[in-house]
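S.K.: Structure: protein14.txt, compact mmCIF, C-alpha atoms and all ligand atoms.
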```txt
# COMPACT_ATOMS: atom_id res chain seq x y z
CA MET A 1 -28.32 -10.96 6.75
CA ASN A 2 -25.15 -9.87 8.51
CA PRO A 3 -25.95 -7.74 11.60
CA HIS A 4 -23.18 -5.25 10.74
CA PHE A 5 -24.43 -4.60 7.19
CA ASP A 6 -26.62 -1.78 5.90
CA TYR A 7 -27.64 -2.15 2.25
CA THR A 8 -28.99 0.48 -0.09
CA SER A 9 -32.37 -0.76 -1.27
CA GLU A 10 -31.08 -0.91 -4.85
CA VAL A 11 -28.17 -3.21 -3.99
CA ARG A 12 -30.26 -5.36 -1.68
CA SER A 13 -32.89 -6.03 -4.32
CA ALA A 14 -30.25 -6.58 -7.03
CA LEU A 15 -28.60 -9.26 -4.88
CA GLU A 16 -31.95 -10.86 -4.04
CA THR A 17 -33.04 -11.06 -7.67
CA GLY A 18 -29.64 -12.13 -9.09
CA LEU A 19 -28.88 -8.94 -11.04
CA PRO A 20 -25.19 -8.25 -11.79
CA VAL A 21 -23.52 -6.26 -8.97
CA VAL A 22 -19.98 -4.79 -8.83
CA ALA A 23 -18.37 -3.85 -5.51
CA LEU A 24 -16.14 -0.77 -5.31
CA GLU A 25 -13.61 0.08 -2.61
CA SER A 26 -13.59 3.38 -0.73
CA THR A 27 -10.00 3.92 0.44
CA VAL A 28 -9.41 5.29 -3.03
CA ILE A 29 -12.05 7.95 -2.22
CA SER A 30 -10.93 8.67 1.36
CA HIS A 31 -7.15 8.42 0.85
CA GLY A 32 -6.19 7.63 -2.75
CA LEU A 33 -7.29 10.72 -4.68
CA PRO A 34 -7.50 14.41 -3.74
CA PHE A 35 -10.83 16.27 -3.51
CA PRO A 36 -12.73 16.90 -5.81
CA GLN A 37 -11.32 14.25 -8.19
CA ASN A 38 -12.12 11.58 -5.58
CA LEU A 39 -15.86 12.35 -5.61
CA GLU A 40 -16.01 12.81 -9.38
CA THR A 41 -14.26 9.49 -9.90
CA ALA A 42 -16.43 7.65 -7.36
CA LEU A 43 -19.55 8.86 -9.19
CA GLY A 44 -17.91 8.23 -12.58
CA MET A 45 -17.15 4.60 -11.66
CA GLU A 46 -20.73 4.07 -10.58
CA SER A 47 -22.08 5.40 -13.89
CA GLU A 48 -19.64 3.27 -15.93
CA ILE A 49 -21.07 0.20 -14.16
CA ARG A 50 -24.67 1.28 -14.73
CA ASN A 51 -23.97 2.02 -18.42
CA VAL A 52 -23.09 -1.62 -19.07
CA GLY A 53 -26.16 -2.90 -17.21
CA ALA A 54 -24.85 -3.70 -13.73
CA ILE A 55 -25.43 -2.20 -10.25
CA PRO A 56 -22.54 -0.54 -8.35
CA ALA A 57 -22.06 -1.16 -4.63
CA THR A 58 -19.44 1.08 -3.03
CA ILE A 59 -18.41 -0.49 0.27
CA ALA A 60 -17.38 1.62 3.27
CA VAL A 61 -17.83 1.84 7.04
CA LEU A 62 -19.85 4.80 8.34
CA ASP A 63 -20.42 5.33 12.06
CA GLY A 64 -19.53 1.70 12.71
CA ARG A 65 -21.96 0.29 10.12
CA VAL A 66 -20.74 -1.60 7.05
CA GLN A 67 -22.33 0.00 4.01
CA ILE A 68 -23.04 -2.37 1.12
CA GLY A 69 -23.73 0.34 -1.43
CA CYS A 70 -23.45 4.06 -0.66
CA ASN A 71 -25.85 6.82 -1.63
CA GLN A 72 -24.67 10.22 -2.90
CA ALA A 73 -24.56 11.82 0.57
CA GLN A 74 -22.47 8.91 1.89
CA LEU A 75 -20.03 9.17 -1.03
CA GLU A 76 -19.71 12.88 -0.27
CA ARG A 77 -18.83 12.11 3.34
CA LEU A 78 -16.11 9.73 2.20
CA ALA A 79 -14.73 12.36 -0.16
CA HIS A 80 -14.83 15.35 2.27
CA GLU A 81 -14.23 14.13 5.79
CA GLN A 82 -10.93 13.04 7.31
CA LEU A 83 -11.70 9.37 7.83
CA GLU A 84 -9.84 6.22 8.80
CA LYS A 85 -8.17 3.82 6.39
CA LEU A 86 -9.80 0.50 7.22
CA SER A 87 -7.66 -2.51 6.65
CA LEU A 88 -8.42 -5.87 8.26
CA TRP A 89 -6.16 -5.32 11.26
CA ASN A 90 -8.11 -2.28 12.51
CA LEU A 91 -11.61 -3.11 11.20
CA PRO A 92 -13.12 -4.80 14.30
CA ALA A 93 -11.84 -2.15 16.73
CA LEU A 94 -13.02 0.76 14.59
CA ILE A 95 -16.44 -0.84 14.20
CA ALA A 96 -16.61 -1.23 17.98
CA LEU A 97 -15.81 2.49 18.32
CA GLU A 98 -18.45 3.38 15.67
CA LYS A 99 -15.83 5.05 13.47
CA SER A 100 -16.00 5.76 9.73
CA GLY A 101 -13.53 5.02 6.99
CA GLY A 102 -12.63 3.88 3.53
CA THR A 103 -12.13 0.15 3.08
CA THR A 104 -8.94 -1.12 1.37
CA VAL A 105 -8.87 -3.84 -1.27
CA ALA A 106 -8.35 -6.51 1.42
CA THR A 107 -11.30 -5.28 3.49
CA THR A 108 -13.59 -4.58 0.54
CA ALA A 109 -12.94 -7.99 -1.03
CA HIS A 110 -13.74 -9.70 2.26
CA LEU A 111 -16.93 -7.72 2.90
CA ALA A 112 -18.13 -7.94 -0.72
CA HIS A 113 -17.73 -11.71 -0.73
CA LEU A 114 -19.59 -11.94 2.56
CA ALA A 115 -22.41 -9.90 0.98
CA GLY A 116 -22.61 -12.36 -1.94
CA ILE A 117 -21.02 -10.07 -4.55
CA GLU A 118 -18.89 -11.85 -7.17
CA VAL A 119 -17.03 -8.96 -8.84
CA PHE A 120 -15.02 -6.11 -7.34
CA ALA A 121 -13.33 -3.29 -9.28
CA THR A 122 -10.50 -1.13 -7.97
CA GLY A 123 -7.47 0.83 -9.17
CA GLY A 124 -4.32 -0.90 -8.06
CA ILE A 125 -3.91 -3.59 -5.44
CA GLY A 126 -1.46 -3.18 -2.60
CA GLY A 127 1.62 -5.39 -2.68
CA VAL A 128 5.21 -5.65 -1.53
CA HIS A 129 6.83 -2.28 -0.76
CA PHE A 130 10.55 -1.57 -1.10
CA ASP A 131 10.53 -0.85 2.63
CA ALA A 132 11.45 -4.18 4.27
CA PHE A 133 8.54 -6.13 5.85
CA ASP A 134 5.87 -3.77 4.49
CA GLU A 135 3.53 -6.03 2.57
CA SER A 136 -0.09 -5.18 1.97
CA ALA A 137 -2.85 -7.22 3.60
CA ASP A 138 -4.33 -7.21 0.08
CA LEU A 139 -2.08 -10.14 -0.90
CA PRO A 140 -3.15 -12.70 1.73
CA ALA A 141 -6.75 -11.47 1.37
CA LEU A 142 -6.59 -12.26 -2.36
CA ALA A 143 -5.29 -15.70 -1.40
CA ARG A 144 -8.38 -16.56 0.64
CA THR A 145 -11.30 -14.64 -0.90
CA PRO A 146 -13.05 -16.21 -3.90
CA ILE A 147 -14.09 -13.07 -5.79
CA ILE A 148 -13.06 -11.52 -9.12
CA VAL A 149 -10.89 -8.44 -8.56
CA VAL A 150 -10.45 -6.13 -11.54
CA CYS A 151 -7.43 -3.83 -11.21
CA ALA A 152 -4.81 -2.07 -13.32
CA GLY A 153 -2.02 -4.21 -11.88
CA ALA A 154 -0.02 -3.27 -8.85
CA LYS A 155 0.77 0.34 -8.10
CA SER A 156 4.05 1.52 -9.52
CA ILE A 157 5.11 2.65 -6.03
CA LEU A 158 5.56 -1.05 -5.18
CA ASN A 159 8.23 -3.63 -5.81
CA LEU A 160 6.46 -5.20 -8.81
CA HIS A 161 8.83 -8.13 -9.12
CA ALA A 162 8.35 -9.13 -5.48
CA THR A 163 4.60 -8.55 -5.73
CA ILE A 164 4.14 -10.85 -8.73
CA GLU A 165 6.34 -13.52 -7.10
CA ARG A 166 4.23 -13.33 -3.93
CA LEU A 167 1.00 -13.69 -5.95
CA GLU A 168 2.44 -16.81 -7.54
CA THR A 169 3.42 -18.26 -4.15
CA LEU A 170 -0.09 -17.61 -2.83
CA GLY A 171 -1.59 -19.33 -5.88
CA VAL A 172 -3.66 -16.32 -6.92
CA PRO A 173 -4.75 -16.75 -10.56
CA VAL A 174 -3.45 -13.64 -12.33
CA ILE A 175 -5.05 -12.81 -15.67
CA GLY A 176 -3.76 -10.29 -18.20
CA TYR A 177 -6.86 -8.80 -19.77
CA GLY A 178 -5.84 -8.43 -23.42
CA THR A 179 -2.18 -8.31 -22.40
CA ASP A 180 0.80 -10.62 -21.83
CA SER A 181 2.67 -8.40 -19.37
CA LEU A 182 1.69 -7.19 -15.92
CA PRO A 183 0.10 -3.73 -16.22
CA ALA A 184 1.83 -1.31 -13.84
CA PHE A 185 -1.08 0.92 -12.87
CA HIS A 186 -0.17 4.28 -14.50
CA THR A 187 1.55 2.34 -17.29
CA PRO A 188 -0.18 -0.25 -19.53
CA THR A 189 2.83 -2.58 -19.65
CA SER A 190 5.80 -3.62 -17.52
CA PRO A 191 8.81 -5.91 -17.99
CA HIS A 192 7.02 -8.63 -15.96
CA PRO A 193 5.32 -11.42 -17.93
CA ILE A 194 1.92 -12.58 -16.72
CA ALA A 195 0.73 -16.14 -16.15
CA ALA A 196 -2.34 -16.23 -18.41
CA ARG A 197 -4.22 -14.00 -20.81
CA LEU A 198 -7.97 -13.67 -21.46
CA ASP A 199 -9.60 -11.31 -23.95
CA THR A 200 -13.34 -11.14 -23.24
CA PRO A 201 -15.64 -10.73 -20.21
CA LEU A 202 -17.18 -14.12 -21.02
CA GLU A 203 -13.78 -15.83 -20.83
CA VAL A 204 -13.20 -14.25 -17.41
CA ALA A 205 -16.65 -15.38 -16.26
CA LYS A 206 -15.84 -18.94 -17.38
CA ALA A 207 -12.50 -18.82 -15.54
CA GLN A 208 -14.34 -17.76 -12.38
CA ARG A 209 -16.81 -20.64 -12.74
CA ALA A 210 -13.90 -23.07 -13.25
CA ALA A 211 -12.10 -21.73 -10.18
CA ARG A 212 -15.22 -22.18 -8.06
CA THR A 213 -16.03 -25.65 -9.40
CA LEU A 214 -12.43 -26.66 -8.71
CA GLU A 215 -12.82 -25.25 -5.20
CA LEU A 216 -9.97 -22.75 -5.42
CA ARG A 217 -10.27 -20.33 -2.52
CA GLN A 218 -8.27 -17.57 -4.18
CA ALA A 219 -9.54 -14.46 -5.92
CA ILE A 220 -9.15 -14.19 -9.67
CA LEU A 221 -7.04 -11.11 -10.28
CA VAL A 222 -7.92 -9.53 -13.63
CA THR A 223 -5.29 -6.97 -14.58
CA ASN A 224 -6.60 -4.43 -17.09
CA PRO A 225 -4.08 -2.12 -18.79
CA VAL A 226 -4.86 1.61 -18.62
CA VAL A 227 -5.73 3.01 -22.05
CA ASP A 228 -3.96 6.38 -22.10
CA GLY A 229 -1.12 5.78 -19.63
CA ILE A 230 2.33 7.20 -18.80
CA PRO A 231 5.62 5.58 -20.00
CA PHE A 232 7.13 3.14 -17.46
CA GLN A 233 10.50 4.94 -17.20
CA ARG A 234 8.88 8.30 -16.41
CA VAL A 235 6.72 6.83 -13.63
CA GLN A 236 9.74 4.98 -12.23
CA MET A 237 11.59 8.29 -11.93
CA TRP A 238 8.74 9.87 -9.95
CA VAL A 239 8.43 6.75 -7.81
CA GLU A 240 12.10 6.83 -6.87
CA ALA A 241 11.83 10.50 -5.93
CA ALA A 242 8.63 9.82 -3.94
CA ASN A 243 10.23 6.93 -2.04
CA HIS A 244 13.21 9.15 -1.26
CA GLU A 245 10.87 11.82 0.16
CA ALA A 246 9.04 9.19 2.24
CA ARG A 247 12.29 7.98 3.81
CA LYS A 248 13.35 11.56 4.53
CA ALA A 249 10.00 12.36 6.14
CA GLY A 250 10.00 9.06 8.06
CA VAL A 251 6.63 8.00 6.64
CA SER A 252 5.77 4.30 6.95
CA GLY A 253 2.98 1.80 7.61
CA LYS A 254 -0.55 2.63 6.53
CA HIS A 255 0.43 6.23 5.78
CA LEU A 256 2.96 5.22 3.14
CA THR A 257 0.61 4.47 0.21
CA PRO A 258 -1.37 7.74 0.52
CA PHE A 259 1.88 9.71 1.00
CA LEU A 260 3.52 8.23 -2.09
CA LEU A 261 0.39 8.82 -4.21
CA GLY A 262 0.33 12.46 -3.05
CA GLN A 263 4.01 12.87 -3.97
CA LEU A 264 3.40 11.39 -7.43
CA ASN A 265 0.56 13.85 -7.94
CA SER A 266 2.77 16.88 -7.29
CA LEU A 267 5.83 15.49 -9.11
CA SER A 268 3.72 14.75 -12.21
CA GLY A 269 1.85 18.04 -12.15
CA GLY A 270 -1.49 16.26 -11.73
CA GLU A 271 -0.86 13.75 -14.54
CA SER A 272 -0.81 10.75 -12.16
CA VAL A 273 -4.22 11.68 -10.75
CA ARG A 274 -5.71 12.08 -14.24
CA VAL A 275 -4.47 8.61 -15.22
CA ASN A 276 -5.53 7.15 -11.84
CA ALA A 277 -9.10 8.41 -12.39
CA ALA A 278 -9.18 7.13 -15.98
CA LEU A 279 -8.02 3.63 -15.06
CA LEU A 280 -10.53 3.42 -12.21
CA ARG A 281 -13.34 4.18 -14.65
CA GLY A 282 -11.98 1.64 -17.14
CA ASN A 283 -11.83 -1.04 -14.45
CA ALA A 284 -15.36 -0.26 -13.27
CA LYS A 285 -16.64 -0.66 -16.83
CA LEU A 286 -14.83 -3.99 -17.30
CA GLY A 287 -16.07 -5.17 -13.88
CA GLY A 288 -19.61 -4.36 -14.99
CA ALA A 289 -19.20 -6.31 -18.23
CA ILE A 290 -17.79 -9.32 -16.34
CA ALA A 291 -20.68 -9.22 -13.83
CA VAL A 292 -23.15 -9.18 -16.73
CA ALA A 293 -21.34 -12.12 -18.39
CA LEU A 294 -21.48 -14.09 -15.11
CA THR A 295 -25.25 -13.56 -14.91
CA GLN A 296 -25.64 -14.71 -18.51
CA LEU A 297 -23.57 -17.83 -17.82
CA SER A 298 -25.75 -18.66 -14.79
CA ARG A 299 -28.95 -18.23 -16.80
CA SER A 300 -27.73 -20.42 -19.67
CA SER A 301 -26.69 -23.31 -17.43
N1 LIG B 1 -4.76 2.25 -5.32
C1 LIG B 1 -4.89 3.60 -5.47
N2 LIG B 1 -5.18 4.35 -4.39
C2 LIG B 1 -5.32 3.79 -3.17
C3 LIG B 1 -5.19 2.38 -3.00
C4 LIG B 1 -4.90 1.67 -4.11
O1 LIG B 1 -4.76 4.12 -6.56
O2 LIG B 1 -5.61 4.52 -2.22
C5 LIG B 1 -5.41 1.76 -1.66
C6 LIG B 1 -6.22 0.47 -1.82
O3 LIG B 1 -7.35 0.56 -0.99
C7 LIG B 1 -5.28 -0.62 -1.36
C8 LIG B 1 -4.47 0.13 -0.32
O4 LIG B 1 -5.95 -1.71 -0.83
O5 LIG B 1 -4.24 1.39 -0.95
C9 LIG B 1 -3.20 -0.58 0.06
O6 LIG B 1 -2.70 -0.01 1.23
P1 LIG B 1 -1.61 -0.83 2.09
O7 LIG B 1 -0.41 -0.91 1.20
O8 LIG B 1 -1.38 0.01 3.32
O9 LIG B 1 -2.20 -2.18 2.36
MN MN B 2 1.52 -1.55 4.43
```
Write out the structure in this file as structure tokens.
M.R.:
Amino acid sequence: MNPHFDYTSEVRSALETGLPVVALESTVISHGLPFPQNLETALGMESEIRNVGAIPATIAVLDGRVQIGCNQAQLERLAHEQLEKLSLWNLPALIALEKSGGTTVATTAHLAHLAGIEVFATGGIGGVHFDAFDESADLPALARTPIIVVCAGAKSILNLHATIERLETLGVPVIGYGTDSLPAFHTPTSPHPIAARLDTPLEVAKAQRAARTLELRQAILVTNPVVDGIPFQRVQMWVEAANHEARKAGVSGKHLTPFLLGQLNSLSGGESVRVNAALLRGNAKLGGAIAVALTQLSRSS
């Protein structure tokens, strides 16, 4: 048992008895979505996972303790309070200072794997920004953390071409779930072809087993197209305007992603947040189904 971890009793017993568990990140609650959609979506993702027979474990840091699973009151804190964005570069210091915050994809993947969780669902991974030298810690974390990450592709605020090239360089297995092109978060398709396609949770579970048996250290990145998305060109227009605003306002570093998402929300009249919430729920549901398939595979072998 890691001395920094606090488990909810539900998640602890699920992990001990080998029930399917899906990790969820919390930066999307603390920084990615506005209140009250952030809380509604956090609860909605948890129920999608339960509905398919798995246990959700939202991961966050509260008062310096790593939470493996959050209860309702803890989710409310993440949704209401002004908290830190916890990436790997500030995690140890903020734990030392007993701070609280939402964990990014990089941090959540690392902590979930350490807790013995095999599947993690999120919205969009971080990647390569248009701003020179700004590359998310999510990419190298995916390169060294053997966990399944279900996402809707990379956020449309990123340089998608550079992001997919970087994933290839890092040797991260990228799967199109029922698609042959990289989903672009708010949009189900993009002009970028994807390396491999799988169509069922069982196929993904088998790919994960193969990756582990072959001793790959990378995550398996399952990209799941949003069902009721926004056309690529329209999102691109908003993204260009948002990036322009960011440069004008001099926003950079860890503030850039939340700033751009906020800009998209106002430019789209709330449409981007609606789609963001919908894709998060869809990814949670698929993560749940994959976790269940993994358990079934383990039992049958
Ligand atoms: N996707 C969203 N909202 C978010 C994020 C992703 O729809 O808030 C977060 C994730 O936690 C991701 C992080 O890991 O943004 C990437 O931030 P950065 O580019 O600073 O690494
Ligand atoms: Mn960054």
S.K.: Can you pull out every residue with an atom within 9 Å of ligand LIG 1 (chain B)? Use all atoms listed in the file and format it as a short mmCIF file (atom, residue, chain, number, x, y, z; two decimals) with C-alpha atoms, in the coordinates of the input.
M.R.:
```cif
data_model
loop_
_atom_site.label_atom_id
_atom_site.label_comp_id
_atom_site.auth_asym_id
_atom_site.auth_seq_id
_atom_site.Cartn_x
_atom_site.Cartn_y
_atom_site.Cartn_z
CA GLU A 25 -13.61 0.08 -2.61
CA SER A 26 -13.59 3.38 -0.73
CA THR A 27 -10.00 3.92 0.44
CA VAL A 28 -9.41 5.29 -3.03
CA ILE A 29 -12.05 7.95 -2.22
CA SER A 30 -10.93 8.67 1.36
CA HIS A 31 -7.15 8.42 0.85
CA GLY A 32 -6.19 7.63 -2.75
CA LEU A 33 -7.29 10.72 -4.68
CA LYS A 85 -8.17 3.82 6.39
CA LEU A 86 -9.80 0.50 7.22
CA SER A 87 -7.66 -2.51 6.65
CA GLY A 102 -12.63 3.88 3.53
CA THR A 103 -12.13 0.15 3.08
CA THR A 104 -8.94 -1.12 1.37
CA VAL A 105 -8.87 -3.84 -1.27
CA ALA A 106 -8.35 -6.51 1.42
CA THR A 107 -11.30 -5.28 3.49
CA THR A 108 -13.59 -4.58 0.54
CA THR A 122 -10.50 -1.13 -7.97
CA GLY A 123 -7.47 0.83 -9.17
CA GLY A 124 -4.32 -0.90 -8.06
CA ILE A 125 -3.91 -3.59 -5.44
CA GLY A 126 -1.46 -3.18 -2.60
CA GLY A 127 1.62 -5.39 -2.68
CA VAL A 128 5.21 -5.65 -1.53
CA HIS A 129 6.83 -2.28 -0.76
CA ASP A 134 5.87 -3.77 4.49
CA GLU A 135 3.53 -6.03 2.57
CA SER A 136 -0.09 -5.18 1.97
CA ALA A 137 -2.85 -7.22 3.60
CA ASP A 138 -4.33 -7.21 0.08
CA LEU A 139 -2.08 -10.14 -0.90
CA CYS A 151 -7.43 -3.83 -11.21
CA ALA A 154 -0.02 -3.27 -8.85
CA LYS A 155 0.77 0.34 -8.10
CA LEU A 158 5.56 -1.05 -5.18
CA PHE A 185 -1.08 0.92 -12.87
CA GLY A 253 2.98 1.80 7.61
CA LYS A 254 -0.55 2.63 6.53
CA HIS A 255 0.43 6.23 5.78
CA LEU A 256 2.96 5.22 3.14
CA THR A 257 0.61 4.47 0.21
CA PRO A 258 -1.37 7.74 0.52
CA LEU A 261 0.39 8.82 -4.21
CA VAL A 273 -4.22 11.68 -10.75
CA ASN A 276 -5.53 7.15 -11.84
CA ALA A 277 -9.10 8.41 -12.39
CA LEU A 280 -10.53 3.42 -12.21
#
```
S.K.: Here is a test: counting all atoms listed in the file, which residue of A:Leu264, A:Val251, A:Ala57, A:Ala219 is nearest to Arg234 in chain A?
M.R.: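 Among the listed residues, the smallest separation from Arg234 in chain A belongs to A:Leu264.
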S.K.: One decimal, Å: what's the distance from CA of Ala210 in chain A over to CA of Gly178 in chain A, could you say?
M.R.: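 For CA of Ala210 in chain A relative to CA of Gly178 in chain A, the distance reads 19.6 Å.
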S.K.: Of the candidates A:Pro183, A:Leu43, A:Phe120, A:Tyr177, which one gets nearest to Ala73 in chain A if we count only C-alpha atoms?
M.R.: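 Looking only at the distances to Ala73 in chain A, the closest residue turns out to be A:Leu43.
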S.K.: For a cut-off of 6 Å around (-6.5, -2.3, -16.1), file coordinates, pick out all residues using all atoms listed in the file and list them as a PyMOL selection string.
M.R.: chain A and resi 151-152+223-226+283
S.K.: Taking into account only C-alpha atoms and all ligand atoms, which residue in the set A:Pro188, A:Lys206, A:Gln263, A:Phe130 is nearest to ligand MN 2 (chain B)?
M.R.: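 Among the listed residues, the smallest separation from ligand MN 2 (chain B) belongs to A:Phe130.
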S.K.: Quick one: residues within 8 Å of Pro56 in chain A, only C-alpha atoms counted, chain neighbours fewer than 2 positions away excluded, as a list in words?
M.R.: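 My reading of the contact set: Val11, Val21, Val22, Ala23, Leu24, Glu46, Ile49, Arg50, Ala54, Thr58 and Gly69 of chain A.
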S.K.: Please rebuild range 37-59 of chain A with N, CA and C atoms and return the result as a CSV table (one decimal), in the coordinates of the input.
M.R.:
```csv
chain,number,residue,atom,x,y,z
A,37,GLN,N,-11.4,15.4,-7.2
A,37,GLN,CA,-11.3,14.2,-8.2
A,37,GLN,C,-11.8,12.9,-7.6
A,38,ASN,N,-11.7,12.8,-6.2
A,38,ASN,CA,-12.1,11.6,-5.6
A,38,ASN,C,-13.6,11.4,-5.7
A,39,LEU,N,-14.4,12.5,-5.5
A,39,LEU,CA,-15.9,12.4,-5.6
A,39,LEU,C,-16.3,12.2,-7.1
A,40,GLU,N,-15.7,13.0,-7.9
A,40,GLU,CA,-16.0,12.8,-9.4
A,40,GLU,C,-15.8,11.4,-9.9
A,41,THR,N,-14.6,10.8,-9.4
A,41,THR,CA,-14.3,9.5,-9.9
A,41,THR,C,-15.2,8.4,-9.3
A,42,ALA,N,-15.5,8.6,-8.0
A,42,ALA,CA,-16.4,7.6,-7.4
A,42,ALA,C,-17.8,7.6,-8.1
A,43,LEU,N,-18.3,8.8,-8.5
A,43,LEU,CA,-19.6,8.9,-9.2
A,43,LEU,C,-19.4,8.3,-10.6
A,44,GLY,N,-18.2,8.7,-11.2
A,44,GLY,CA,-17.9,8.2,-12.6
A,44,GLY,C,-17.8,6.7,-12.7
A,45,MET,N,-17.2,6.1,-11.7
A,45,MET,CA,-17.2,4.6,-11.7
A,45,MET,C,-18.5,4.0,-11.6
A,46,GLU,N,-19.4,4.6,-10.7
A,46,GLU,CA,-20.7,4.1,-10.6
A,46,GLU,C,-21.5,4.2,-11.9
A,47,SER,N,-21.3,5.3,-12.6
A,47,SER,CA,-22.1,5.4,-13.9
A,47,SER,C,-21.5,4.5,-15.0
A,48,GLU,N,-20.2,4.2,-15.0
A,48,GLU,CA,-19.6,3.3,-15.9
A,48,GLU,C,-20.3,1.9,-15.7
A,49,ILE,N,-20.5,1.5,-14.5
A,49,ILE,CA,-21.1,0.2,-14.2
A,49,ILE,C,-22.5,0.2,-14.6
A,50,ARG,N,-23.3,1.2,-14.3
A,50,ARG,CA,-24.7,1.3,-14.7
A,50,ARG,C,-24.8,1.2,-16.2
A,51,ASN,N,-23.9,1.9,-17.0
A,51,ASN,CA,-24.0,2.0,-18.4
A,51,ASN,C,-23.9,0.7,-19.1
A,52,VAL,N,-23.2,-0.3,-18.4
A,52,VAL,CA,-23.1,-1.6,-19.1
A,52,VAL,C,-24.1,-2.6,-18.5
A,53,GLY,N,-25.0,-2.1,-17.7
A,53,GLY,CA,-26.2,-2.9,-17.2
A,53,GLY,C,-26.0,-3.6,-15.9
A,54,ALA,N,-25.0,-3.1,-15.1
A,54,ALA,CA,-24.8,-3.7,-13.7
A,54,ALA,C,-25.1,-2.6,-12.7
A,55,ILE,N,-25.1,-3.1,-11.4
A,55,ILE,CA,-25.4,-2.2,-10.2
A,55,ILE,C,-24.1,-2.0,-9.4
A,56,PRO,N,-23.7,-0.8,-9.2
A,56,PRO,CA,-22.5,-0.5,-8.4
A,56,PRO,C,-22.9,-0.6,-6.9
A,57,ALA,N,-21.9,-1.1,-6.1
A,57,ALA,CA,-22.1,-1.2,-4.6
A,57,ALA,C,-20.7,-0.7,-4.0
A,58,THR,N,-20.6,0.6,-3.7
A,58,THR,CA,-19.4,1.1,-3.0
A,58,THR,C,-19.5,0.6,-1.6
A,59,ILE,N,-18.4,0.1,-1.1
A,59,ILE,CA,-18.4,-0.5,0.3
A,59,ILE,C,-17.6,0.4,1.2
```
